[in-house]
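*Asks:* Input file: work20.txt. Contents: compact mmCIF, C-alpha atoms.
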# COMPACT_ATOMS: atom_id res chain seq x y z
CA MET A 10 81.69 -121.27 -145.40
CA ILE A 11 82.17 -124.51 -147.34
CA PRO A 12 80.67 -127.74 -145.96
CA ILE A 13 83.27 -130.40 -145.19
CA GLU A 14 81.55 -132.88 -147.53
CA TYR A 15 82.66 -130.93 -150.63
CA TYR A 16 86.33 -131.41 -149.80
CA LEU A 17 85.83 -135.09 -148.91
CA ILE A 18 83.93 -135.86 -152.13
CA LEU A 19 86.63 -134.10 -154.17
CA SER A 20 89.28 -136.11 -152.38
CA ALA A 21 87.34 -139.36 -152.97
CA PHE A 22 87.03 -138.53 -156.68
CA MET A 23 90.78 -137.90 -157.01
CA PHE A 24 91.52 -141.14 -155.17
CA ILE A 25 89.27 -143.06 -157.56
CA MET A 26 90.96 -141.50 -160.59
CA GLY A 27 94.25 -142.74 -159.11
CA VAL A 28 92.78 -146.23 -158.66
CA ILE A 29 91.53 -146.30 -162.26
CA GLY A 30 94.93 -145.10 -163.47
CA VAL A 31 96.73 -147.87 -161.58
CA LEU A 32 94.32 -150.52 -162.88
CA THR A 33 94.15 -149.46 -166.55
CA ARG A 34 97.47 -147.92 -167.61
CA LYS A 35 100.35 -150.02 -168.98
CA ASN A 36 103.18 -147.56 -168.63
CA ALA A 37 104.98 -148.11 -165.30
CA ILE A 38 105.75 -144.38 -164.93
CA ILE A 39 102.08 -143.40 -165.32
CA VAL A 40 101.07 -146.10 -162.82
CA PHE A 41 103.57 -144.53 -160.47
CA MET A 42 102.12 -141.05 -161.05
CA SER A 43 98.63 -142.42 -160.31
CA ILE A 44 99.95 -143.61 -156.94
CA GLU A 45 101.16 -140.04 -156.29
CA LEU A 46 97.64 -138.82 -157.12
CA MET A 47 96.17 -141.21 -154.54
CA LEU A 48 98.69 -140.05 -151.91
CA ASN A 49 97.68 -136.46 -152.63
CA SER A 50 93.98 -137.16 -152.26
CA ALA A 51 94.71 -138.69 -148.84
CA ASN A 52 96.70 -135.55 -148.01
CA LEU A 53 93.70 -133.40 -148.92
CA THR A 54 91.55 -135.39 -146.49
CA PHE A 55 94.16 -134.98 -143.76
CA VAL A 56 94.34 -131.21 -144.23
CA THR A 57 90.54 -130.90 -144.42
CA PHE A 58 89.99 -132.65 -141.10
CA SER A 59 92.95 -130.81 -139.57
CA SER A 60 91.37 -127.48 -140.52
CA TYR A 61 87.80 -128.37 -139.58
CA LEU A 62 88.67 -129.98 -136.23
CA GLY A 63 91.26 -127.35 -135.29
CA ASN A 64 94.01 -129.92 -134.73
CA VAL A 65 97.50 -129.53 -136.22
CA THR A 66 98.34 -133.26 -136.26
CA GLY A 67 96.75 -133.82 -139.67
CA GLN A 68 99.06 -131.28 -141.28
CA LEU A 69 102.08 -132.91 -139.64
CA PHE A 70 100.98 -136.22 -141.13
CA VAL A 71 100.87 -134.56 -144.55
CA PHE A 72 104.44 -133.39 -143.96
CA PHE A 73 105.55 -136.96 -143.26
CA VAL A 74 103.55 -138.32 -146.21
CA MET A 75 105.43 -135.89 -148.45
CA THR A 76 108.76 -137.14 -147.04
CA VAL A 77 107.78 -140.74 -147.76
CA ALA A 78 106.52 -139.79 -151.25
CA ALA A 79 109.84 -138.11 -152.05
CA ALA A 80 111.77 -141.20 -150.92
CA GLU A 81 109.38 -143.44 -152.82
CA ALA A 82 109.71 -141.41 -156.03
CA ALA A 83 113.51 -141.52 -155.86
CA VAL A 84 113.74 -145.27 -155.25
CA GLY A 85 110.86 -146.16 -157.59
CA LEU A 86 112.25 -144.18 -160.51
CA ALA A 87 115.68 -145.73 -159.91
CA ILE A 88 114.04 -149.17 -160.11
CA ILE A 89 112.29 -148.16 -163.36
CA ILE A 90 115.62 -147.00 -164.82
CA ALA A 91 117.26 -150.29 -163.82
CA LEU A 92 114.37 -152.23 -165.39
CA PHE A 93 114.61 -150.23 -168.60
CA ARG A 94 118.34 -150.91 -168.75
CA ASN A 95 117.72 -154.66 -168.54
CA LYS A 96 114.55 -155.06 -170.63
CA GLN A 97 114.39 -151.91 -172.85
CA THR A 98 110.76 -151.32 -171.86
CA VAL A 99 108.66 -149.79 -169.08
CA SER A 100 105.45 -151.59 -170.01
CA ILE A 101 104.17 -153.56 -167.04
CA ASP A 102 102.86 -156.28 -169.39
CA GLU A 103 106.38 -157.21 -170.46
CA ILE A 104 107.99 -157.02 -167.02
CA ASN A 105 106.74 -160.38 -165.79
CA ILE A 106 109.70 -162.52 -164.69
CA LEU A 107 108.27 -162.76 -161.17
CA LYS A 108 104.91 -163.91 -162.51
CA TRP A 109 104.01 -167.45 -161.56
CA MET B 9 78.73 -115.85 -153.08
CA ASN B 10 81.81 -115.04 -151.10
CA LEU B 11 85.40 -115.35 -152.21
CA GLU B 12 86.00 -118.62 -150.37
CA ILE B 13 83.35 -120.48 -152.37
CA ILE B 14 84.48 -118.96 -155.69
CA LEU B 15 88.09 -120.04 -155.02
CA PHE B 16 86.96 -123.52 -153.97
CA VAL B 17 84.91 -123.97 -157.16
CA ILE B 18 87.76 -122.79 -159.42
CA PHE B 19 90.47 -124.91 -157.79
CA SER B 20 88.34 -128.02 -157.42
CA ALA B 21 87.25 -127.80 -161.09
CA ILE B 22 90.92 -127.59 -162.13
CA ALA B 23 91.79 -130.53 -159.84
CA VAL B 24 88.98 -132.73 -161.19
CA VAL B 25 89.62 -131.98 -164.88
CA SER B 26 93.40 -132.35 -164.59
CA SER B 27 93.14 -135.66 -162.71
CA VAL B 28 90.82 -137.08 -165.40
CA LEU B 29 93.12 -135.86 -168.18
CA MET B 30 96.17 -137.22 -166.36
CA VAL B 31 94.72 -140.73 -166.37
CA THR B 32 93.39 -140.64 -169.96
CA ARG B 33 96.22 -139.01 -171.95
CA ARG B 34 98.38 -141.39 -174.01
CA ASN B 35 101.58 -139.38 -173.86
CA ALA B 36 103.46 -139.77 -170.56
CA ILE B 37 104.74 -136.18 -170.64
CA MET B 38 101.19 -134.82 -170.98
CA SER B 39 100.18 -136.96 -168.00
CA ALA B 40 103.04 -135.56 -165.94
CA LEU B 41 102.17 -131.96 -166.86
CA PHE B 42 98.51 -132.46 -165.92
CA LEU B 43 99.64 -133.98 -162.63
CA ILE B 44 101.66 -130.80 -161.96
CA LEU B 45 98.53 -128.73 -162.71
CA ASN B 46 96.60 -130.93 -160.28
CA PHE B 47 99.22 -130.34 -157.57
CA GLY B 48 98.98 -126.58 -158.16
CA ALA B 49 95.19 -126.69 -157.77
CA LEU B 50 95.59 -128.75 -154.60
CA SER B 51 97.95 -126.13 -153.24
CA GLY B 52 95.22 -123.53 -153.81
CA LEU B 53 92.72 -125.75 -152.01
CA TYR B 54 95.11 -126.00 -149.05
CA LEU B 55 95.11 -122.19 -148.95
CA THR B 56 91.31 -122.12 -148.79
CA LEU B 57 91.67 -124.46 -145.78
CA HIS B 58 94.15 -121.99 -144.18
CA ALA B 59 97.02 -124.50 -144.36
CA GLN B 60 99.67 -122.05 -145.58
CA PHE B 61 102.75 -124.10 -144.76
CA ILE B 62 101.41 -127.24 -146.46
CA ALA B 63 100.39 -125.20 -149.53
CA VAL B 64 103.93 -123.84 -149.94
CA VAL B 65 105.55 -127.23 -149.31
CA GLN B 66 103.17 -128.79 -151.84
CA VAL B 67 104.42 -126.47 -154.57
CA ILE B 68 108.11 -126.75 -153.63
CA VAL B 69 108.35 -130.48 -152.90
CA TYR B 70 105.66 -132.04 -155.10
CA ALA B 71 105.28 -129.76 -158.10
CA GLY B 72 108.94 -128.76 -157.90
CA ALA B 73 111.17 -131.60 -156.81
CA ILE B 74 109.24 -134.83 -157.30
CA MET B 75 107.65 -133.95 -160.66
CA VAL B 76 110.97 -132.72 -162.07
CA LEU B 77 112.36 -136.15 -161.23
CA PHE B 78 109.43 -137.77 -163.04
CA LEU B 79 109.83 -135.56 -166.11
CA PHE B 80 113.57 -136.29 -166.18
CA VAL B 81 112.97 -140.05 -166.15
CA ILE B 82 110.23 -139.82 -168.82
CA MET B 83 112.45 -137.78 -171.12
CA LEU B 84 115.41 -140.08 -170.42
CA LEU B 85 113.55 -143.30 -171.22
CA ARG B 86 111.24 -141.94 -173.98
CA PRO B 87 108.54 -144.59 -173.46
CA ALA B 88 106.38 -145.26 -176.53
CA ASP B 89 102.91 -143.73 -176.41
CA ASP B 90 100.46 -145.86 -174.50
CA LYS B 91 97.41 -147.28 -176.18
CA GLY B 92 94.17 -145.33 -175.75
CA LEU B 93 92.30 -146.05 -172.56
CA LEU B 94 89.91 -148.63 -174.05
CA GLU B 95 91.84 -149.83 -177.12
CA GLU B 96 93.40 -152.87 -175.47
CA HIS B 97 91.42 -155.35 -173.33
CA PRO B 98 88.30 -153.12 -173.23
CA LYS B 99 86.42 -155.65 -171.09
CA MET B 100 89.05 -155.67 -168.36
CA LYS B 101 89.28 -151.90 -168.42
CA TRP B 102 85.51 -151.42 -168.16
CA PHE B 103 85.69 -153.81 -165.21
CA ALA B 104 88.41 -151.67 -163.62
CA ILE B 105 86.38 -148.51 -164.19
CA GLY B 106 83.33 -150.26 -162.71
CA ILE B 107 85.34 -151.14 -159.59
CA GLY B 108 86.43 -147.50 -159.36
CA VAL B 109 82.87 -146.18 -159.64
CA PHE B 110 81.70 -148.72 -157.06
CA ILE B 111 84.35 -147.65 -154.54
CA PHE B 112 83.51 -144.00 -155.24
CA LEU B 113 79.83 -144.62 -154.53
CA GLN B 114 80.74 -146.37 -151.29
CA LEU B 115 82.94 -143.47 -150.20
CA ALA B 116 80.31 -140.91 -151.21
CA PHE B 117 77.66 -142.82 -149.26
CA VAL B 118 79.82 -142.86 -146.14
CA ILE B 119 80.66 -139.15 -146.49
CA LEU B 120 77.15 -137.91 -147.25
CA PHE B 121 75.11 -140.09 -144.90
CA SER B 122 77.43 -140.38 -141.92
CA SER B 123 76.03 -138.72 -138.80
CA THR B 124 79.46 -137.62 -137.51
CA VAL B 125 80.86 -136.02 -140.68
CA GLY B 126 77.75 -133.93 -141.30
CA SER B 127 77.87 -132.32 -137.87
CA ILE B 128 81.47 -131.02 -138.20
CA VAL B 129 81.74 -127.27 -138.60
CA GLN B 130 84.96 -125.37 -139.25
CA ALA B 131 86.95 -124.79 -136.06
CA PRO B 132 87.29 -121.12 -135.10
CA ASN B 133 91.08 -121.35 -134.57
CA ASN B 134 91.85 -122.81 -138.00
CA ILE B 135 93.72 -119.69 -139.12
CA GLU B 136 96.38 -120.14 -136.42
CA ILE B 137 97.01 -123.87 -136.80
CA GLY B 138 98.27 -123.79 -140.39
CA THR B 139 101.15 -121.39 -139.73
CA ILE B 140 104.80 -122.41 -139.74
CA GLN B 141 104.98 -121.43 -136.07
CA SER B 142 102.38 -123.89 -134.83
CA ILE B 143 103.55 -126.70 -137.11
CA GLY B 144 107.20 -126.17 -136.15
CA LYS B 145 106.34 -126.14 -132.46
CA GLU B 146 104.64 -129.54 -132.71
CA LEU B 147 107.24 -130.96 -135.08
CA TYR B 148 110.24 -130.22 -132.85
CA THR B 149 108.62 -131.24 -129.56
CA LYS B 150 106.01 -133.97 -129.83
CA TYR B 151 107.10 -135.36 -133.20
CA LEU B 152 110.89 -135.04 -132.87
CA ILE B 153 111.62 -138.78 -133.19
CA PRO B 154 109.43 -139.27 -136.31
CA PHE B 155 111.13 -136.19 -137.77
CA GLU B 156 114.57 -137.73 -137.24
CA ALA B 157 113.30 -141.02 -138.65
CA ALA B 158 112.07 -139.18 -141.75
CA ALA B 159 115.53 -137.64 -142.17
CA PHE B 160 117.10 -141.10 -141.96
CA LEU B 161 114.55 -142.43 -144.44
CA LEU B 162 115.50 -139.74 -146.96
CA LEU B 163 119.20 -140.58 -146.52
CA ALA B 164 118.51 -144.28 -147.06
CA ALA B 165 116.36 -143.48 -150.13
CA ALA B 166 119.07 -141.28 -151.63
CA ILE B 167 121.70 -144.00 -151.19
CA GLY B 168 119.31 -146.65 -152.49
CA ALA B 169 118.43 -144.62 -155.58
CA ILE B 170 122.11 -144.09 -156.44
CA VAL B 171 122.93 -147.78 -155.94
CA LEU B 172 119.96 -148.93 -158.04
CA ALA B 173 120.38 -146.50 -160.92
CA LYS B 174 124.16 -146.55 -161.31
CA LYS B 175 125.77 -148.46 -164.13
CA LYS B 176 127.06 -151.89 -163.18
CA PHE B 177 130.74 -152.51 -163.97
CA ASN B 178 132.14 -156.00 -164.10
In structure tokens, what does this structure look like?
*Replies:*
Amino acid sequence: MIPIEYYLILSAFMFIMGVIGVLTRKNAIIVFMSIELMLNSANLTFVTFSSYLGNVTGQLFVFFVMTVAAAEAAVGLAIIIALFRNKQTVSIDEINILKW
Amino acid sequence: MNLEIILFVIFSAIAVVSSVLMVTRRNAIMSALFLILNFGALSGLYLTLHAQFIAVVQVIVYAGAIMVLFLFVIMLLRPADDKGLLEEHPKMKWFAIGIGVFIFLQLAFVILFSSTVGSIVQAPNNIEIGTIQSIGKELYTKYLIPFEAAAFLLLAAAIGAIVLAKKKFN
């Protein structure tokens, strides 16, 4: 039997890789994929506690998180396409018209 | 060593390596492919936790639908290769990595030294709760309204994506 800490540490590591990806990458699509990685690490925590506590609610939350992630991917990628059409780039350094 | 631990070690090693490679590769397509590998490993980890339904949905929805969308957009836009991780603004990036390590240490401290987490042992009924039957029963009784709201959210997202991405005609 695997101690619960192993799953939680793995999930924390994946979350941190997502954080580092969001903070360091310049390509908007890769930043977006890092956000998906962070969502997935949260999902792993949900499923771990659901399994260890014997409660199905965590897995239902993962189901809803996946719904939201699908909606987010569709809208976010549409925004990136619209940005690329207007500015010919997906680099977040050059997309700065809202910067003060 | 029993099978459970062997499977956990294999899948978690794949998940760790692929998440690191996903963040450090320059080419966006390589990043996307490593993210798919990571999702596959996560699906295996869900199986070791006896969450069968979530494992299958992970492969179909995440590795299948969402990542195909990502790959389509990457190949459509052909973004230039990113700079290497530390080529540009190395000071700022080391700072970002330092923040990441700091948050990781905080999380690890909470996980390893918390008195409540350490006392949790695997529930005996965890094989039954991951099945489609038990999830469906909860989903269509207790969580019916959130389920309908999720359906509406997907409809709104589909319409929004079409409106945002379509060509503007004057």
*Asks:* Report as a tab-separated table: every residue of range 101-147 of chain B with an atom at most 12 Å from range 64-71 of chain A, its closest pair of atoms, and their distance in Å to one decimal, counting all atoms listed in the file, with rows sorted by chain and ascending residue number.
*Replies:*
residue	atom	partner	partner_atom	distance
B:Gln130	CA	A:Asn64	CA	11.1
B:Ala131	CA	A:Asn64	CA	8.8
B:Pro132	CA	A:Asn64	CA	11.1
B:Asn133	CA	A:Asn64	CA	9.1
B:Asn134	CA	A:Asn64	CA	8.1
B:Ile135	CA	A:Val65	CA	10.9
B:Glu136	CA	A:Val65	CA	9.5
B:Ile137	CA	A:Val65	CA	5.7
B:Gly138	CA	A:Val65	CA	7.1
B:Thr139	CA	A:Val65	CA	9.6
B:Ile140	CA	A:Gln68	CA	10.7
B:Gln141	CA	A:Val65	CA	11.0
B:Ser142	CA	A:Val65	CA	7.6
B:Ile143	CA	A:Val65	CA	6.7
B:Gly144	CA	A:Leu69	CA	9.2
B:Lys145	CA	A:Val65	CA	10.2
B:Glu146	CA	A:Val65	CA	8.0
B:Leu147	CA	A:Leu69	CA	7.2
*Asks:* List the spatial neighbours of Ile101 in chain A as an MDAnalysis selection string - criterion: any atom at most 12 Å away, only C-alpha atoms, same-chain residues fewer than 4 positions off excluded.
*Replies:* (chainID A and resid 31:41 89 92:93 96:97 105:108) or (chainID B and resid 87 90)
*Asks:* Using all atoms listed in the file for the distances, tell me which of B:Ile68, B:Ser122, B:Glu96, B:Ala36 is nearest to chain A.
*Replies:*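 Nearest candidate to chain A out of B:Ile68, B:Ser122, B:Glu96, B:Ala36: B:Ala36.
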*Asks:* Need the shell around Val25 in chain B: protein/DNA/RNA residues with any atom at most 10 Å away, counting all atoms listed in the file. Skip same-chain ones fewer than 3 positions apart. Format as a PyMOL selection string?
*Replies:* (chain A and resi 23) or (chain B and resi 20-22+28-30+42+45-46)
*Asks:* Using only C-alpha atoms, select each residue of chain A with any atom at most 6 Å away from an atom of chain B, and give the selection as a VMD selection string.
*Replies:* chain A and resid 25 29 to 30 33 60 to 63 65 80 83 to 84 87 91
*Asks:* Write the residues you've just listed into a file as an mmCIF file, in the coordinates of the input, and include C-alpha atoms for each of them.
*Replies:*
data_model
loop_
_atom_site.group_PDB
_atom_site.id
_atom_site.type_symbol
_atom_site.label_atom_id
_atom_site.label_comp_id
_atom_site.auth_asym_id
_atom_site.auth_seq_id
_atom_site.Cartn_x
_atom_site.Cartn_y
_atom_site.Cartn_z
ATOM 1 C CA ILE A 25 89.270 -143.060 -157.560
ATOM 2 C CA ILE A 29 91.530 -146.300 -162.260
ATOM 3 C CA GLY A 30 94.930 -145.100 -163.470
ATOM 4 C CA THR A 33 94.150 -149.460 -166.550
ATOM 5 C CA SER A 60 91.370 -127.480 -140.520
ATOM 6 C CA TYR A 61 87.800 -128.370 -139.580
ATOM 7 C CA LEU A 62 88.670 -129.980 -136.230
ATOM 8 C CA GLY A 63 91.260 -127.350 -135.290
ATOM 9 C CA VAL A 65 97.500 -129.530 -136.220
ATOM 10 C CA ALA A 80 111.770 -141.200 -150.920
ATOM 11 C CA ALA A 83 113.510 -141.520 -155.860
ATOM 12 C CA VAL A 84 113.740 -145.270 -155.250
ATOM 13 C CA ALA A 87 115.680 -145.730 -159.910
ATOM 14 C CA ALA A 91 117.260 -150.290 -163.820
#
*Asks:* Which distance in Å separates CA of Tyr15 in chain A and CA of Gln60 in chain B, to one decimal?
*Replies:* 19.8 Å
*Asks:* Calculate how many Å separate CA of Ala49 in chain B from CA of Asn49 in chain A, rounding to one decimal.
*Replies:* 11.3 Å
*Asks:* Kindly give the distance, in Å, that separates CA of Asp102 in chain A and CA of Ala78 in chain A, rounded to a single decimal.
*Replies:*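 Separating CA of Asp102 in chain A from CA of Ala78 in chain A is a distance of 24.8 Å.
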